[in-house]
>>> print(open('structure_18.txt').read())   # compact mmCIF, C-alpha atoms and all ligand atoms
# COMPACT_ATOMS: atom_id res chain seq x y z
CA MET A 1266 85.94 -74.26 -0.90
CA ILE A 1267 82.58 -75.63 0.11
CA GLN A 1268 82.85 -78.58 2.49
CA LYS A 1269 81.03 -81.87 1.93
CA LYS A 1270 78.98 -81.39 5.14
CA GLU A 1271 77.90 -77.89 4.15
CA LEU A 1272 76.96 -79.10 0.72
CA LEU A 1273 74.83 -81.84 2.22
CA ASN A 1274 73.18 -79.33 4.55
CA GLU A 1275 72.50 -76.99 1.66
CA MET A 1276 70.96 -79.86 -0.29
CA LYS A 1277 68.87 -80.82 2.71
CA ASN A 1278 67.52 -77.27 3.05
CA SER A 1279 67.00 -76.66 -0.64
CA LYS A 1280 63.33 -76.06 -1.43
CA ALA A 1281 63.74 -77.45 -4.94
CA LEU A 1282 65.26 -80.70 -3.65
CA LYS A 1283 62.58 -81.02 -0.99
CA SER A 1284 59.87 -80.64 -3.62
CA LEU A 1285 61.65 -83.20 -5.80
CA ALA A 1286 61.79 -85.66 -2.90
CA VAL A 1287 58.08 -85.19 -2.16
CA PHE A 1288 57.28 -85.56 -5.86
CA GLY A 1289 59.34 -88.79 -6.08
CA LYS A 1290 57.83 -90.22 -2.94
CA LYS A 1291 54.35 -89.32 -4.12
CA ARG A 1292 54.91 -90.98 -7.50
CA PHE A 1293 56.48 -94.12 -6.08
CA TYR A 1294 53.85 -94.49 -3.36
CA ASN A 1295 50.98 -93.98 -5.74
CA ILE A 1296 52.27 -96.25 -8.50
CA TYR A 1297 52.56 -98.99 -5.87
CA HIS A 1298 49.16 -98.31 -4.35
CA ARG A 1299 47.31 -97.79 -7.62
CA ALA A 1300 48.39 -101.28 -8.62
CA ARG A 1301 46.83 -102.62 -5.44
CA LEU A 1302 43.51 -100.78 -5.74
CA ILE A 1303 41.17 -103.45 -6.93
CA LYS A 1304 37.49 -102.68 -6.79
CA THR A 1305 35.35 -105.72 -6.00
CA GLU A 1306 31.56 -105.78 -6.49
CA PHE A 1307 31.02 -105.49 -2.72
CA PRO A 1308 33.11 -104.06 0.15
CA SER A 1309 35.37 -106.60 1.84
CA GLU A 1310 34.96 -104.93 5.21
CA ILE A 1311 31.75 -103.41 6.54
CA TRP A 1312 31.28 -101.47 9.74
CA ILE A 1313 27.74 -101.37 11.09
CA GLU A 1314 27.32 -98.83 13.85
CA ASN A 1315 24.98 -100.41 16.38
CA THR A 1316 25.16 -97.21 18.43
CA ASN A 1317 27.07 -93.94 18.56
CA CYS A 1318 26.28 -93.46 22.27
CA CYS A 1319 29.19 -93.79 24.67
CA ASN A 1320 29.74 -93.89 28.44
CA ALA A 1321 33.30 -92.53 28.21
CA SER A 1322 35.04 -89.30 27.22
CA CYS A 1323 38.45 -90.55 26.12
CA VAL A 1324 40.88 -87.67 25.63
CA MET A 1325 41.97 -88.75 22.12
CA CYS A 1326 38.36 -88.94 20.90
CA PRO A 1327 36.50 -85.81 19.73
CA ARG A 1328 33.24 -86.67 21.55
CA GLU A 1329 32.71 -82.99 22.45
CA LYS A 1330 32.51 -82.21 18.70
CA HIS A 1331 30.13 -85.08 18.02
CA THR A 1332 26.95 -83.29 16.90
CA ARG A 1333 24.97 -85.85 14.92
CA ALA A 1334 21.94 -87.44 16.60
CA GLN A 1335 22.79 -90.30 18.96
CA GLY A 1336 20.89 -93.55 18.95
CA PHE A 1337 20.76 -97.25 18.13
CA MET A 1338 20.28 -98.94 14.77
CA ASP A 1339 16.79 -100.34 14.11
CA PHE A 1340 16.91 -104.09 14.32
CA SER A 1341 14.98 -104.51 11.07
CA LEU A 1342 17.55 -102.43 9.19
CA PHE A 1343 20.34 -104.46 10.78
CA GLU A 1344 18.66 -107.71 9.68
CA LYS A 1345 18.31 -106.42 6.14
CA LEU A 1346 22.03 -105.51 6.04
CA ALA A 1347 23.11 -108.86 7.53
CA LYS A 1348 21.06 -110.76 4.96
CA GLU A 1349 22.56 -108.82 2.08
CA ILE A 1350 26.12 -109.22 3.40
CA SER A 1351 25.59 -112.98 3.73
CA HIS A 1352 25.27 -113.25 -0.07
CA PHE A 1353 28.84 -112.00 -0.50
CA GLY A 1354 30.66 -114.41 1.78
CA ASN A 1355 33.34 -114.90 -0.85
CA ILE A 1356 34.27 -111.18 -0.64
CA VAL A 1357 33.44 -110.02 2.89
CA LYS A 1358 36.30 -110.68 5.29
CA ARG A 1359 35.11 -108.92 8.43
CA VAL A 1360 31.95 -107.23 9.73
CA HIS A 1361 32.42 -104.72 12.53
CA LEU A 1362 29.32 -104.51 14.73
CA HIS A 1363 30.30 -101.12 16.09
CA ASN A 1364 31.66 -97.78 14.92
CA TYR A 1365 31.77 -94.51 16.84
CA GLY A 1366 30.45 -95.50 20.27
CA GLU A 1367 30.49 -98.18 22.94
CA PRO A 1368 28.86 -101.29 21.42
CA LEU A 1369 28.05 -102.85 24.82
CA LEU A 1370 25.52 -100.08 25.50
CA ASP A 1371 23.31 -101.79 22.93
CA ARG A 1372 20.88 -104.24 24.55
CA ASP A 1373 20.47 -105.93 21.17
CA LEU A 1374 24.18 -106.57 20.61
CA ALA A 1375 24.04 -110.33 21.29
CA ARG A 1376 20.92 -110.62 19.12
CA ARG A 1377 22.72 -108.81 16.30
CA ILE A 1378 25.74 -111.11 16.61
CA ARG A 1379 23.51 -114.19 16.55
CA THR A 1380 21.60 -112.88 13.54
CA ALA A 1381 24.85 -112.19 11.68
CA LYS A 1382 26.18 -115.66 12.47
CA ASP A 1383 22.86 -117.33 11.56
CA CYS A 1384 23.02 -115.53 8.22
CA GLY A 1385 26.43 -117.10 7.65
CA ILE A 1386 28.64 -114.04 8.21
CA LYS A 1387 32.06 -115.52 8.86
CA HIS A 1388 33.79 -112.92 10.95
CA THR A 1389 32.05 -110.60 13.43
CA TYR A 1390 34.08 -108.09 15.41
CA ILE A 1391 33.67 -105.37 18.04
CA VAL A 1392 35.94 -102.85 19.72
CA THR A 1393 35.01 -102.01 23.30
CA THR A 1394 36.46 -100.49 26.46
CA ALA A 1395 35.09 -103.50 28.43
CA SER A 1396 33.83 -101.03 31.04
CA LEU A 1397 30.35 -102.60 30.70
CA LEU A 1398 31.53 -106.16 30.13
CA THR A 1399 29.77 -107.86 33.03
CA VAL A 1400 29.83 -111.63 33.39
CA ALA A 1401 26.26 -111.79 32.01
CA LYS A 1402 27.23 -109.66 29.00
CA SER A 1403 30.33 -111.79 28.44
CA LYS A 1404 28.22 -114.96 28.39
CA GLU A 1405 25.75 -113.39 25.97
CA ILE A 1406 28.34 -112.36 23.38
CA ILE A 1407 30.38 -115.56 23.67
CA GLU A 1408 27.30 -117.73 23.23
CA ALA A 1409 25.98 -115.57 20.41
CA GLY A 1410 29.17 -116.44 18.51
CA LEU A 1411 31.21 -113.21 18.38
CA ASP A 1412 34.46 -114.02 16.56
CA GLU A 1413 36.81 -111.26 17.67
CA MET A 1414 36.86 -108.48 20.25
CA LYS A 1415 39.39 -105.71 20.71
CA ILE A 1416 39.57 -104.18 24.18
CA SER A 1417 41.00 -100.67 24.40
CA PHE A 1418 42.73 -100.57 27.78
CA TYR A 1419 44.87 -97.46 28.06
CA GLY A 1420 46.36 -97.43 31.55
CA THR A 1421 47.99 -99.54 34.22
CA ASP A 1422 46.54 -97.90 37.33
CA GLN A 1423 43.67 -95.61 38.22
CA LYS A 1424 45.68 -92.46 37.43
CA THR A 1425 47.14 -93.36 34.04
CA TYR A 1426 43.90 -95.05 32.98
CA ASN A 1427 41.74 -92.07 33.91
CA ASP A 1428 44.12 -89.59 32.31
CA THR A 1429 43.10 -91.15 28.98
CA MET A 1430 39.83 -93.01 29.50
CA VAL A 1431 37.95 -90.26 31.27
CA GLY A 1432 34.75 -91.38 32.99
CA LEU A 1433 35.69 -95.06 33.38
CA ASP A 1434 37.02 -96.98 36.37
CA PHE A 1435 40.34 -98.84 36.12
CA TYR A 1436 39.63 -101.51 38.75
CA LYS A 1437 36.12 -102.22 37.52
CA THR A 1438 37.29 -102.62 33.93
CA LEU A 1439 40.25 -104.79 34.97
CA THR A 1440 37.86 -107.03 36.91
CA ASN A 1441 35.56 -107.22 33.87
CA VAL A 1442 38.47 -108.23 31.62
CA ALA A 1443 39.68 -110.91 34.05
CA ASP A 1444 36.12 -112.22 34.48
CA PHE A 1445 35.64 -112.35 30.73
CA PHE A 1446 38.57 -114.72 30.25
CA LYS A 1447 37.38 -116.90 33.16
CA THR A 1448 33.86 -117.00 31.70
CA ARG A 1449 35.08 -117.96 28.23
CA LYS A 1450 37.13 -120.77 29.74
CA LYS A 1451 34.24 -121.96 31.92
CA ILE A 1452 31.89 -122.09 28.94
CA GLY A 1453 34.58 -123.99 27.03
CA LYS A 1454 34.60 -121.69 23.99
CA LYS A 1455 37.50 -120.26 22.00
CA ASN A 1456 35.60 -117.26 20.71
CA PRO A 1457 35.86 -114.36 20.63
CA ARG A 1458 39.60 -114.15 20.22
CA VAL A 1459 40.73 -111.05 22.13
CA VAL A 1460 43.11 -108.29 21.14
CA LEU A 1461 44.18 -106.19 24.13
CA GLN A 1462 45.19 -102.76 22.95
CA TYR A 1463 47.37 -100.14 24.62
CA LEU A 1464 47.85 -96.52 23.57
CA PRO A 1465 51.10 -95.00 24.81
CA THR A 1466 50.65 -91.32 25.77
CA ASP A 1467 52.76 -88.87 27.76
CA SER A 1468 51.24 -90.03 31.01
CA ASN A 1469 51.42 -93.80 30.46
CA LYS A 1470 54.13 -94.57 27.88
CA SER A 1471 56.66 -95.46 30.59
CA LYS A 1472 54.21 -98.12 31.78
CA THR A 1473 53.93 -100.14 28.59
CA GLU A 1474 55.81 -103.09 30.12
CA ASP A 1475 53.45 -102.97 33.14
CA PHE A 1476 50.54 -103.28 30.74
CA PHE A 1477 51.92 -106.57 29.39
CA ARG A 1478 52.85 -107.76 32.90
CA ILE A 1479 49.33 -107.14 34.28
CA LEU A 1480 47.36 -108.57 31.36
CA LYS A 1481 49.55 -111.35 29.97
CA PRO A 1482 48.59 -113.88 32.69
CA LEU A 1483 44.92 -113.47 31.66
CA ILE A 1484 45.09 -114.22 27.95
CA GLU A 1485 45.21 -117.55 26.13
CA GLU A 1486 47.65 -117.26 23.25
CA GLU A 1487 46.67 -120.70 21.97
CA VAL A 1488 43.18 -119.44 21.07
CA GLY A 1489 44.66 -116.40 19.33
CA ASP A 1490 44.50 -113.73 22.07
CA CYS A 1491 47.19 -111.12 21.59
CA PHE A 1492 48.31 -107.55 22.25
CA ASN A 1493 48.35 -104.49 20.05
CA ILE A 1494 50.07 -101.15 20.54
CA PHE A 1495 48.13 -98.34 18.94
CA GLU A 1496 49.26 -94.90 17.76
CA LEU A 1497 47.39 -91.66 18.14
CA HIS A 1498 45.83 -90.13 15.06
CA ASN A 1499 43.85 -86.95 14.47
CA TYR A 1500 40.41 -88.55 14.10
CA GLY A 1501 39.82 -86.78 10.77
CA SER A 1502 40.11 -83.18 11.89
CA GLY A 1503 38.91 -83.92 15.42
CA ARG A 1504 42.32 -83.73 17.12
CA SER A 1505 45.76 -82.32 16.29
CA TYR A 1506 48.25 -84.80 17.76
CA VAL A 1507 49.93 -85.37 14.42
CA LYS A 1508 51.44 -82.55 12.38
CA LEU A 1509 50.24 -82.73 8.81
CA GLY A 1510 52.53 -82.50 5.80
CA ASP A 1511 51.76 -82.58 2.07
CA ILE A 1512 49.00 -84.69 0.54
CA THR A 1513 50.86 -87.62 -1.03
CA ARG A 1514 48.66 -90.70 -0.57
CA ILE A 1515 45.63 -92.44 -1.98
CA CYS A 1516 43.31 -93.52 0.81
CA HIS A 1517 42.25 -97.12 0.12
CA PHE A 1518 38.98 -97.06 2.10
CA PRO A 1519 36.68 -96.60 -0.95
CA TRP A 1520 38.14 -99.76 -2.47
CA ARG A 1521 37.75 -101.84 0.66
CA THR A 1522 35.46 -100.56 3.39
CA MET A 1523 31.97 -99.15 3.90
CA VAL A 1524 30.80 -97.68 7.21
CA ILE A 1525 27.06 -97.66 7.89
CA LEU A 1526 25.93 -95.30 10.63
CA HIS A 1527 23.15 -96.19 13.07
CA ASP A 1528 20.60 -94.21 11.04
CA GLY A 1529 21.46 -96.18 7.89
CA LYS A 1530 23.59 -93.54 6.14
CA ALA A 1531 26.72 -94.88 4.48
CA VAL A 1532 29.96 -92.93 4.91
CA LEU A 1533 33.52 -93.47 3.74
CA CYS A 1534 35.19 -94.30 7.02
CA SER A 1535 35.15 -94.30 10.78
CA PRO A 1536 37.15 -91.08 11.40
CA ASP A 1537 34.17 -89.22 9.88
CA TYR A 1538 32.55 -89.21 13.33
CA ASN A 1539 29.90 -86.63 12.39
CA GLY A 1540 28.87 -88.42 9.22
CA LEU A 1541 29.76 -85.52 6.90
CA GLN A 1542 30.84 -87.55 3.85
CA VAL A 1543 27.67 -89.45 3.04
CA VAL A 1544 27.78 -91.73 -0.01
CA GLY A 1545 24.34 -93.33 0.29
CA ASP A 1546 21.49 -94.46 2.49
CA THR A 1547 20.92 -98.13 3.23
CA ASN A 1548 17.28 -97.41 4.15
CA THR A 1549 16.58 -96.82 0.49
CA ASN A 1550 19.39 -98.64 -1.35
CA THR A 1551 21.31 -101.86 -0.97
CA ILE A 1552 24.96 -101.90 0.06
CA LYS A 1553 25.82 -103.19 -3.40
CA GLU A 1554 23.94 -100.36 -5.13
CA ILE A 1555 25.71 -97.75 -3.01
CA TRP A 1556 29.14 -99.37 -3.44
CA ASN A 1557 28.76 -99.42 -7.22
CA GLY A 1558 26.89 -96.11 -7.44
CA ASN A 1559 27.95 -92.76 -8.87
CA LYS A 1560 28.94 -91.18 -5.56
CA TYR A 1561 31.49 -93.90 -4.81
CA LYS A 1562 32.68 -93.80 -8.44
CA LYS A 1563 33.38 -90.09 -8.12
CA VAL A 1564 35.16 -90.57 -4.79
CA ARG A 1565 37.45 -93.22 -6.33
CA GLN A 1566 38.22 -90.99 -9.31
CA ASP A 1567 39.03 -88.02 -7.05
CA PHE A 1568 41.11 -90.07 -4.63
CA LYS A 1569 43.17 -91.56 -7.48
CA LYS A 1570 44.06 -88.01 -8.52
CA LEU A 1571 44.77 -87.04 -4.88
CA GLU A 1572 41.94 -84.53 -5.09
CA TYR A 1573 40.62 -84.25 -1.57
CA GLN A 1574 39.74 -80.56 -1.44
CA ASN A 1575 35.98 -81.22 -1.64
CA TYR A 1576 36.10 -83.74 1.22
CA SER A 1577 36.11 -81.81 4.48
CA VAL A 1578 37.27 -84.74 6.61
CA CYS A 1579 39.72 -86.31 4.15
CA LYS A 1580 41.64 -83.13 3.44
CA GLU A 1581 42.70 -82.96 7.09
CA CYS A 1582 43.27 -86.70 7.47
CA THR A 1583 46.57 -88.34 8.38
CA ALA A 1584 45.81 -91.22 5.98
CA VAL A 1585 46.53 -89.09 2.91
CA ARG A 1586 49.33 -86.86 4.13
CA GLU A 1587 52.92 -87.01 5.11
CA THR A 1588 52.82 -87.06 8.89
CA MET A 1589 55.17 -86.00 11.63
CA TYR A 1590 54.53 -87.37 15.08
CA PRO A 1591 55.37 -84.84 17.80
CA LYS A 1592 57.54 -86.07 20.66
CA ILE A 1593 55.37 -84.54 23.35
CA ASN A 1594 51.71 -84.23 24.35
CA ARG A 1595 50.57 -87.52 22.94
S1 LIG B 1601 37.24 -93.64 21.91
FE1 LIG B 1601 35.45 -94.98 21.90
S2 LIG B 1601 35.10 -95.37 24.09
FE2 LIG B 1601 36.41 -93.57 24.00
S3 LIG B 1601 34.99 -91.81 24.02
FE3 LIG B 1601 35.43 -92.32 21.85
S4 LIG B 1601 33.74 -93.64 21.24
FE4 LIG B 1601 33.80 -93.63 23.48
S1 LIG B 1602 41.20 -90.00 3.74
FE1 LIG B 1602 40.82 -90.26 5.92
S2 LIG B 1602 38.82 -89.32 6.19
FE2 LIG B 1602 39.03 -89.73 4.00
S3 LIG B 1602 38.13 -91.72 3.65
FE3 LIG B 1602 40.31 -92.02 4.01
S4 LIG B 1602 40.49 -92.45 6.21
FE4 LIG B 1602 38.51 -91.50 5.85
>>> encode(input="structure_18.txt", output="structure tokens")
Amino acid sequence: MIQKKELLNEMKNSKALKSLAVFGKKRFYNIYHRARLIKTEFPSEIWIENTNCCNASCVMCPREKHTRAQGFMDFSLFEKLAKEISHFGNIVKRVHLHNYGEPLLDRDLARRIRTAKDCGIKHTYIVTTASLLTVAKSKEIIEAGLDEMKISFYGTDQKTYNDTMVGLDFYKTLTNVADFFKTRKKIGKKNPRVVLQYLPTDSNKSKTEDFFRILKPLIEEEVGDCFNIFELHNYGSGRSYVKLGDITRICHFPWRTMVILHDGKAVLCSPDYNGLQVVGDTNTNTIKEIWNGNKYKKVRQDFKKLEYQNYSVCKECTAVRETMYPKINR
């Protein structure tokens, strides 16, 4: 007589049952998400890539596969975008002033922040390694009115830091971070609020508590500073940390976010580091025209049907697939 345990094992290994489970999950997930996909007349989050140049070679980032031209966004194009965004203050929740690069390499960063704030953009945001965050740079961005800054800080000593953030210096960056908080206090400002982010990997995951211990004395929780623990992803198809399962999900980016590269091209998201999935050009069209245009319409139709085969980055992306995180080599 077949035992209960064996029966359960058989059920677990049955291809038909597995397919049924995936089908059920897919249906449930997509019914829930379809209901939440509301298209507004303008994106609620916009990323404006001030530069795609970078002074680091982080291991989890496919910089070596980054083949598009590197440069900085023309200030006049930036101004045009900021002005347009300012008309949709009721929709736009956050404007990233960075994308695939180190934003502090841009000499015009403070000027861009000030322009965005003068236009009335409510929430400006950057993500940086802080490797170039000198006291002078800190003053500039604080006084320009930056609202939020995430600092990616992936180590607790020279070794663990350099295993991940190749090309940067642990002690220099730590000094920059400490000086930033002192500078903000000295100026008497509460902006930008800071998110300190850690990425546990094989070499540093045992040091997560050290990360909090080293950095906690620096932050001011009362102004909103906090910590974030990040998880590795595949950067589109740039890396292979995460094993990919079936396509089961609708990616919500085309209902929420537009990424504008430094040359003005609009793409679907940040993991598209080579700008392969272009949906428009802000040199010739407005953000609103692109967002409501035929290319975006087609993307939304395809995504709703889970049809990603014509999107070279999406079809390999963790956002739309069942994922299995490996236990090693992260
Ligand atoms: S993750 Fe950011 S800082 Fe690191 S190499 Fe990539 S673009 Fe540069
Ligand atoms: S599926 Fe992935 S690559 Fe495609 S738009 Fe969404 S996040 Fe970007």
>>> closest_atom_pairs(input="structure_18.txt", of="chain A", to="ligand LIG 1601 (chain B)", cutoff="10 Å", atoms="all atoms listed in the file", output="tab-separated table")
residue	atom	partner	partner_atom	distance
A:Thr1316	CA	B:LIG1601	S4	9.7
A:Asn1317	CA	B:LIG1601	S4	7.2
A:Cys1318	CA	B:LIG1601	S4	7.5
A:Cys1319	CA	B:LIG1601	FE4	4.8
A:Asn1320	CA	B:LIG1601	FE4	6.4
A:Ala1321	CA	B:LIG1601	S3	4.6
A:Ser1322	CA	B:LIG1601	S3	4.1
A:Cys1323	CA	B:LIG1601	FE2	4.2
A:Val1324	CA	B:LIG1601	S3	7.4
A:Met1325	CA	B:LIG1601	S1	6.8
A:Cys1326	CA	B:LIG1601	FE3	4.6
A:Pro1327	CA	B:LIG1601	FE3	6.9
A:Arg1328	CA	B:LIG1601	S3	6.0
A:Glu1329	CA	B:LIG1601	S3	9.2
A:His1331	CA	B:LIG1601	FE3	9.8
A:His1363	CA	B:LIG1601	S4	9.7
A:Asn1364	CA	B:LIG1601	S4	7.8
A:Tyr1365	CA	B:LIG1601	S4	4.9
A:Gly1366	CA	B:LIG1601	S4	3.9
A:Glu1367	CA	B:LIG1601	S2	5.5
A:Pro1368	CA	B:LIG1601	S2	9.0
A:Val1392	CA	B:LIG1601	FE1	8.2
A:Thr1393	CA	B:LIG1601	S2	6.7
A:Thr1394	CA	B:LIG1601	S2	5.8
A:Ala1395	CA	B:LIG1601	S2	9.2
A:Ser1396	CA	B:LIG1601	S2	9.1
A:Ile1416	CA	B:LIG1601	S2	9.9
A:Ser1417	CA	B:LIG1601	S2	7.9
A:Phe1418	CA	B:LIG1601	S2	9.9
A:Thr1429	CA	B:LIG1601	FE2	8.7
A:Met1430	CA	B:LIG1601	FE2	6.5
A:Val1431	CA	B:LIG1601	S3	8.0
A:Gly1432	CA	B:LIG1601	S3	9.0
A:Leu1433	CA	B:LIG1601	S2	9.3
A:Tyr1500	CA	B:LIG1601	S1	9.8
A:Tyr1538	CA	B:LIG1601	S4	9.1
>>> closest_residue(input="structure_18.txt", among="A:Leu1541, A:Ile1356, A:Ile1555, A:Ile1494", to="A:Ser1577", atoms="all atoms listed in the file")
A:Leu1541
>>> residues_near_ligand(input="structure_18.txt", ligand="ligand LIG 1602 (chain B)", cutoff="8 Å", atoms="only C-alpha atoms and all ligand atoms", output="PyMOL selection string")
chain A and resi 1501+1515-1519+1533-1537+1573+1576+1578-1585
>>> residues_near_point(input="structure_18.txt", point="(29.5, -116.9, 19.0)", cutoff="8 Å", atoms="all atoms listed in the file", output="VMD selection string")
chain A and resid 1378 to 1379 1382 1406 to 1412 1456 to 1457
>>> atom_distance(input="structure_18.txt", atom1="atom CA of A:Ile1525", atom2="atom CA of A:Gln1574")
23.2 Å
>>> closest_residue(input="structure_18.txt", among="A:Lys1454, A:Arg1586, A:Arg1449, A:Lys1345", to="A:Asn1499", atoms="only C-alpha atoms")
A:Arg1586
>>> closest_residue(input="structure_18.txt", among="A:Val1544, A:Ala1381, A:Ile1452, A:Leu1362", to="A:Ser1403", atoms="only C-alpha atoms")
A:Ile1452
>>> residues_near_point(input="structure_18.txt", point="(46.4, -87.2, -5.6)", cutoff="9 Å", atoms="only C-alpha atoms", output="list in words")
Lys1291, Asn1295, Ile1512, Thr1513, Arg1514, Ile1515, Asp1567, Phe1568, Lys1569, Lys1570, Leu1571, Glu1572, Tyr1573 and Val1585 of chain A
>>> atom_distance(input="structure_18.txt", atom1="atom CA of A:Pro1465", atom2="atom CA of A:Gly1420")
8.6 Å
>>> atom_distance(input="structure_18.txt", atom1="atom CA of A:Asn1548", atom2="atom CA of A:Phe1340")
12.2 Å
>>> residues_around(input="structure_18.txt", residues="A:Ile1552", least_positions_apart="5", cutoff="8 Å", atoms="only C-alpha atoms", output="PDB file with C-alpha atoms, keeping the file's coordinate frame")
ATOM      1  CA  PHE A1307      31.020-105.490  -2.720  1.00  0.00           C
ATOM      2  CA  LEU A1346      22.030-105.510   6.040  1.00  0.00           C
ATOM      3  CA  GLU A1349      22.560-108.820   2.080  1.00  0.00           C
ATOM      4  CA  THR A1547      20.920 -98.130   3.230  1.00  0.00           C
TER       5      THR A1547
END
>>> closest_residue(input="structure_18.txt", among="A:Tyr1561, A:Glu1306, A:Leu1369, A:Lys1508", to="A:His1352", atoms="all atoms listed in the file")
A:Glu1306
>>> residues_around(input="structure_18.txt", residues="A:Ile1479", least_positions_apart="3", cutoff="12 Å", atoms="only C-alpha atoms", output="ChimeraX atom specification")
/A:1418,1420-1422,1439-1440,1442-1443,1461,1472-1476,1482-1484
>>> axis_aligned_box(input="structure_18.txt", around="stretch 1311-1325 of chain A", padding_each_side="3 Å", output="lines of an AutoDock Vina configuration file")
center_x = 33.5
center_y = -95.5
center_z = 17.5
size_x = 23.0
size_y = 21.7
size_z = 27.9
>>> residues_around(input="structure_18.txt", residues="A:Asp1434", least_positions_apart="5", cutoff="8 Å", atoms="all atoms listed in the file", output="list of chain:residue names")
A:Ser1396, A:Gln1423, A:Tyr1426, A:Asn1427
